[in-house]
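Content type JSON, C-alpha atoms, from the file my_file.json:
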```json
[["chain", "number", "residue", "atom", "x", "y", "z"],
["A", 1, "VAL", "CA", 108.78, 91.84, 96.29],
["A", 2, "TYR", "CA", 108.19, 91.60, 92.54],
["A", 3, "ALA", "CA", 111.33, 89.53, 92.01],
["A", 4, "LEU", "CA", 110.06, 87.02, 94.57],
["A", 5, "THR", "CA", 106.53, 86.86, 93.22],
["A", 6, "HIS", "CA", 107.78, 86.57, 89.65],
["A", 7, "ALA", "CA", 109.89, 83.56, 90.65],
["A", 8, "ALA", "CA", 106.87, 81.99, 92.34],
["A", 9, "THR", "CA", 104.71, 82.74, 89.30],
["A", 10, "GLU", "CA", 107.23, 80.93, 87.10],
["A", 11, "GLU", "CA", 106.77, 77.90, 89.36],
["A", 12, "PHE", "CA", 103.01, 78.09, 88.78],
["A", 13, "ASN", "CA", 103.71, 78.30, 85.04],
["A", 14, "GLU", "CA", 105.70, 75.06, 85.28],
["A", 15, "LEU", "CA", 102.92, 73.45, 87.30],
["A", 16, "ASP", "CA", 100.33, 74.49, 84.71],
["A", 17, "GLU", "CA", 102.51, 73.07, 81.94],
["A", 18, "ALA", "CA", 102.84, 69.76, 83.77],
["A", 19, "LEU", "CA", 99.11, 69.67, 84.36],
["A", 20, "GLY", "CA", 98.53, 70.42, 80.67],
["A", 21, "GLU", "CA", 100.70, 67.47, 79.70],
["A", 22, "ALA", "CA", 98.48, 65.32, 81.92],
["A", 23, "GLY", "CA", 95.32, 66.64, 80.23],
["A", 24, "SER", "CA", 94.42, 69.21, 82.88],
["A", 25, "GLY", "CA", 95.37, 72.74, 83.89],
["A", 26, "ILE", "CA", 94.87, 75.48, 86.43],
["A", 27, "GLU", "CA", 91.18, 76.36, 86.34],
["A", 28, "THR", "CA", 89.95, 79.95, 86.00],
["A", 29, "VAL", "CA", 88.71, 80.16, 89.58],
["A", 30, "ALA", "CA", 92.01, 78.80, 90.85],
["A", 31, "ARG", "CA", 93.88, 81.38, 88.77],
["A", 32, "GLU", "CA", 91.93, 84.18, 90.41],
["A", 33, "GLU", "CA", 92.45, 82.69, 93.86],
["A", 34, "ILE", "CA", 96.20, 82.43, 93.27],
["A", 35, "ALA", "CA", 96.32, 86.10, 92.24],
["A", 36, "GLU", "CA", 94.34, 87.11, 95.33],
["A", 37, "ASP", "CA", 96.63, 85.03, 97.53],
["A", 38, "PHE", "CA", 99.70, 86.76, 96.09],
["A", 39, "ALA", "CA", 98.10, 90.12, 96.93],
["A", 40, "PHE", "CA", 97.19, 88.96, 100.44],
["A", 41, "ILE", "CA", 100.70, 87.72, 101.17],
["A", 42, "ALA", "CA", 102.27, 90.89, 99.77],
["A", 43, "SER", "CA", 99.98, 92.96, 101.97],
["A", 44, "ALA", "CA", 100.75, 90.84, 105.04],
["A", 45, "TYR", "CA", 104.44, 91.59, 104.53],
["A", 46, "GLY", "CA", 103.90, 95.32, 104.22],
["A", 47, "PHE", "CA", 103.49, 95.64, 100.47],
["A", 48, "GLY", "CA", 99.80, 96.56, 100.47],
["A", 49, "ASN", "CA", 100.28, 98.95, 97.57],
["A", 50, "ALA", "CA", 101.77, 96.29, 95.29],
["A", 51, "ASP", "CA", 100.04, 96.00, 91.91],
["A", 52, "VAL", "CA", 98.45, 92.54, 91.68],
["A", 53, "GLU", "CA", 98.97, 92.34, 87.94],
["A", 54, "GLU", "CA", 102.64, 93.17, 88.39],
["A", 55, "LEU", "CA", 102.94, 90.59, 91.17],
["A", 56, "ILE", "CA", 101.96, 87.85, 88.71],
["A", 57, "ALA", "CA", 103.20, 89.52, 85.51],
["A", 58, "PRO", "CA", 105.11, 86.53, 84.08],
["A", 59, "ARG", "CA", 102.10, 84.21, 84.28],
["A", 60, "ASP", "CA", 101.22, 82.00, 81.34],
["A", 61, "TRP", "CA", 97.95, 80.84, 82.83]]
```

Can you turn what I pasted into structure tokens?
Amino acid sequence: VYALTHAATEEFNELDEALGEAGSGIETVAREEIAEDFAFIASAYGFGNADVEELIAPRDW
């Protein structure tokens, strides 16, 4: 599961970079919501014990 969430986190990193180039970025509340959503999805697929910080470990945001 971590390999999948790390790949998805890298996509969010790219999105944040693109937003930064446009003068914006992923807001703090959105960052927390994204992390919670990763945990929710992992739990829904049977990985309820997954470490949230490890799920989004490669984040730059």

Spatial neighbours of Ala50 in chain A, max dist 8 Å, all atoms listed in the file, sep filter under 6 positions, as a PyMOL selection string: chain A and resi 39+42-43

Exercise: Glu32 in chain A partners within 12 Å, only C-alpha atoms, chain neighbours under 5 positions left out, as a PyMOL selection string: chain A and resi 26-27+37-39+52-53+56+59+61

One-decimal distance in Å that lies between CA of Gly25 in chain A and CA of Leu55 in chain A: 20.7 Å

Pick from A:Pro58, A:Gly48, A:Val1, A:Asp16 nearest to Thr28 in chain A, counting all atoms listed in the file: A:Asp16

Among the residues A:Ile41, A:Ala57, A:Ala22, A:Glu33, the one that comes closest to Glu10 in chain A [using all atoms listed in the file]: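 Using all atoms listed in the file, the shortest distance to Glu10 in chain A belongs to A:Ala57.
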
Give, as lines of an AutoDock Vina configuration file, the centre coordinates and the x, y and z edge lengths in Å to one decimal for an axis-aligned box around all listed atoms of range 16-29 of chain A, padded by 5 Å on each side.
```
center_x = 95.8
center_y = 72.7
center_z = 84.6
size_x = 24.1
size_y = 24.8
size_z = 19.9
```
